[in-house]
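**Q** Have a look at this one before I ask anything.
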Amino acid sequence: MKLNCKDCRNLFTRNLDRDIDQSQRLFFYEHLGGCRECEQGWQDFKNTVQLLQELPSLSAPPGFLSEIQAKLETPGLRQKIMSWLSSRHRLAYSTVFATMAIGFITAGLLHLPPFGTQQSSLENPGLTSLAQINDPSDSSKRQTQLAAASTNDKAKNFYPGIPPLSEYESTDHLSGQSPFFLVQSSRREPEGNFMNFVSTGSHNRSSSSSILPDISSYNSQIARMRQLEGQRITPDITITIRAHQQESDLLQHLICCKKWQSRMIRDNILLLTVSPDHLDLLRQTLQQQQTSYSPSYASNTRPGSPKKMLMVAVHLQ
Amino acid sequence: MELSLLIACLVVISTVTSTGGKSVASVKKQQKDETTKLVQDFCNGDSQAFNKLVLLFQNRMFSLAYNYVKNPEEAKDLAQDIFITVHRALPTLRDKTKFSAWIYQIGINHCRNRYKKLQRQGYFTSQSIDNPDHPVHLTGTDSPEKELERQDLIRVVRSTIAEMKEGEKEIILLRDIQDLSYEEISQILDVPIGTVKSKLNRARLSLKNRLKAIRPNL
């Protein structure tokens, strides 16, 4: 049996260890005799192994044992933690961890109902009239839903750099048992055709795009809105209007317009809850008058988030 | 007469050889028994037994660590870490007679981890084979030129070993530097003896080729 070069190289270590039988050794040396490359490789292999075995042995540096003893006497971080946990604090720690775990689970169950907040608001799509809102049997459920919606919107409406805006969805309004609950629609409606929040009762959900004033319930609305006087309100935008002659017409127009919700705070201050989509319409309505905006950037930009309802105070001077 | 003298000489030589072989085996067995006794003593609460174990194995562990990471400071720290691990884990060793293989297993694992850590830190990329950063000082009887040449060759060999692949390096260190048997290497690396032999052959060929590339006149 003749060996090829690969078989020959594979036998280098075994031949060096004398771990091959006589016949294999004969074939091995026979191949080396006829192959100069393998012969040279075999010589180099032997030299390499000899070099390895002649490498001087190394000794551990002085003080090796004493340093180990010093390291053993100094407990490591892991040992410290383990000894600490395994001794007197073990019971306290397990109690704390168990309490925290129970607390987290309970909090998670309370704050994460099986159905999301959006679904909760969709459960009552017909909340469009004052009569429904004032139903005492449904009041507590609705308050919970609105509080959840408010919390959710607060998280969504965080815009760094924009001045902080008041939020009409605040639970202060709910605690005051105001009849004017504002519920943001869960789906966006086509612009210009729908009210996308609960009306005050003076009008129903309508597809009319007309902004002509409906003065039929004007006086009763004024009377009802005045009941809210004294309520602490911080508007997002304050628009001051100098309109001495057309004051009553303008006021009537603003109150009866179906694009926003209005309430009279004082004789000369009208509070509007305006969708951001209709803010431009409000600006156009007031464009004919001498107006000043506070904050000033609100005259041409839309403050707050696109989804947030704006509270606009119209001050008639 | 000459024939009888020749036969007598052969008999004497064979006797001496067999006696020497037996003495090496008996020394190894004696060392193993001593190690096993020290291990048992340590497990029974004798703290001095651990110090004796350290003295027995410190050179081997330091040599293993030094040839693995090629840095004396790292090697010292590494070897000490090996013994600290041994001190902590020795009571859990089931078969006390296999302490030698067990400590080498711990040593190899520590070396692998430290080598990877140093590799991540870029230690080995800043090292060069031709850069005698950590020369090993030897005392020889040859002329200074020959001694210098020998030291240089030793440095090249150690550097080449340190740069080999993990598996190749370990098997060369255990067999050719630590002079362990195939059975012991098989236990340490947890591979069959046949695999140990074939891997050792490949590793030696690889080292030969690397050295040949650096020093053609090997």
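Starting from 1 in every chain, residues are counted up; chains themselves are A, B, ... following the order of the structure tokens, and ligands are numbered from 1 as listed.
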Taking only C-alpha atoms into account, which residues of chain B are within 6 Å of chain A, as a list of chain:residue names?
**A**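 Here is what falls inside 6 Å: B:Asn59, B:Phe62, B:Ser63, B:Gln80, B:Asp176, B:Asn201, B:Lys208.
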**Q** For C-alpha atoms, I'd like the residues from the last selection saved as a PDB file, in the first residue's frame.
**A**
```pdb
ATOM      1  CA  ASN B  59       4.353  26.740  37.860  1.00  0.00           C
ATOM      2  CA  PHE B  62       1.495  30.088  35.312  1.00  0.00           C
ATOM      3  CA  SER B  63       3.180  28.468  32.318  1.00  0.00           C
ATOM      4  CA  GLN B  80      -4.149  33.388  40.645  1.00  0.00           C
ATOM      5  CA  ASP B 176       4.142  19.661  24.243  1.00  0.00           C
ATOM      6  CA  ASN B 201      -0.975  16.385  14.425  1.00  0.00           C
ATOM      7  CA  LYS B 208       5.443  24.232  11.752  1.00  0.00           C
TER       8      LYS B 208
END
```
**Q** Given only C-alpha atoms as the basis, pick out the residue of B:Lys70, B:Arg175, B:Lys37, B:Arg60 nearest to Ile188 in chain B.
**A**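 Closest residue, counting only C-alpha atoms: B:Arg175.
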**Q** Could you pull the residues within 6 Å of range 265-276 of chain A, counting only C-alpha atoms, minus those fewer than 2 positions along the same chain, as a list in words?
**A** Glu229, Trp260, Gln261, Ser262, Arg263, His278, Leu279, Met309, Leu310, Met311, Val312, Ala313, Val314, His315 and Leu316 of chain A
**Q** Given the selection you just returned, output its residues as a file containing C-alpha atoms, formatted as an mmCIF file, in the first residue's frame.
**A**
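Printed below is part_34.cif as written:
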```
data_model
loop_
_atom_site.group_PDB
_atom_site.id
_atom_site.type_symbol
_atom_site.label_atom_id
_atom_site.label_comp_id
_atom_site.auth_asym_id
_atom_site.auth_seq_id
_atom_site.Cartn_x
_atom_site.Cartn_y
_atom_site.Cartn_z
ATOM 1 C CA GLU A 229 -69.136 82.028 35.392
ATOM 2 C CA TRP A 260 -67.166 74.972 17.703
ATOM 3 C CA GLN A 261 -68.693 74.894 21.115
ATOM 4 C CA SER A 262 -69.179 78.110 23.005
ATOM 5 C CA ARG A 263 -70.041 79.336 26.421
ATOM 6 C CA HIS A 278 -61.576 74.853 12.516
ATOM 7 C CA LEU A 279 -59.121 77.294 14.006
ATOM 8 C CA MET A 309 -59.171 70.531 21.103
ATOM 9 C CA LEU A 310 -58.243 74.135 21.732
ATOM 10 C CA MET A 311 -59.825 76.429 24.262
ATOM 11 C CA VAL A 312 -60.069 79.915 22.806
ATOM 12 C CA ALA A 313 -61.191 82.892 24.856
ATOM 13 C CA VAL A 314 -62.664 85.699 22.747
ATOM 14 C CA HIS A 315 -62.444 88.955 24.618
ATOM 15 C CA LEU A 316 -64.677 91.729 23.257
#
```
**Q** If you count only C-alpha atoms, which residues fall within 7 Å of Gln317 in chain A, apart from same-chain ones fewer than 2 positions away, as a list in words?
**A**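 The residues that qualify are Thr240, Ile241, Arg242, Ala243 and His315 of chain A.
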**Q** Would you mind reading off the distance between CA of Gly63 in chain A and CA of Lys29 in chain B, one decimal, in Å?
**A** 29.0 Å
**Q** What is the distance, in Å and to one decimal place, between CA of Ser159 in chain B and CA of Gln119 in chain B?
**A** 14.5 Å
**Q** Nearest residue to Asp152 in chain B out of B:Arg215, B:Lys117, B:Arg94, B:Lys76, using only C-alpha atoms?
**A**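 Smallest separation from Asp152 in chain B among the options: B:Arg215.
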**Q** Which value, in Å to one decimal, gives the distance between CA of Lys80 in chain A and CA of Thr85 in chain B?
**A**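 Distance between the two atoms: 15.8 Å.
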**Q** Counting only C-alpha atoms, what is within 9 Å of Pro295 in chain A, bar same-chain residues fewer than 3 positions away, as a ChimeraX atom specification?
**A** /A:236-239,298-299
**Q** Store the residues picked out above, limited to C-alpha atoms, as a PDB file, in the first residue's frame.
**A**
```pdb
ATOM      1  CA  ASP A 236     -54.944  78.107  25.100  1.00  0.00           C
ATOM      2  CA  ILE A 237     -55.466  81.202  22.999  1.00  0.00           C
ATOM      3  CA  THR A 238     -56.898  84.560  23.966  1.00  0.00           C
ATOM      4  CA  ILE A 239     -58.206  86.697  21.112  1.00  0.00           C
ATOM      5  CA  ALA A 298     -51.287  81.725  17.562  1.00  0.00           C
ATOM      6  CA  SER A 299     -52.296  84.327  14.963  1.00  0.00           C
TER       7      SER A 299
END
```
**Q** So that I can see what lies close to His87 in chain B, please list as a ChimeraX atom specification the residues with an atom at most 10 Å from it, counting only C-alpha atoms and leaving out residues fewer than 6 positions away in the same chain.
**A** /A:68,72 /B:42-43,47,50-51,54,81
**Q** How would you write, as an MDAnalysis selection string, the set of residues in range 32-203 of chain B that DSSP gives as helix (DSSP H, G or I)?
**A** chainID B and resid 32:43 47:69 72:92 96:120 144:162 166:177 182:189 193:203
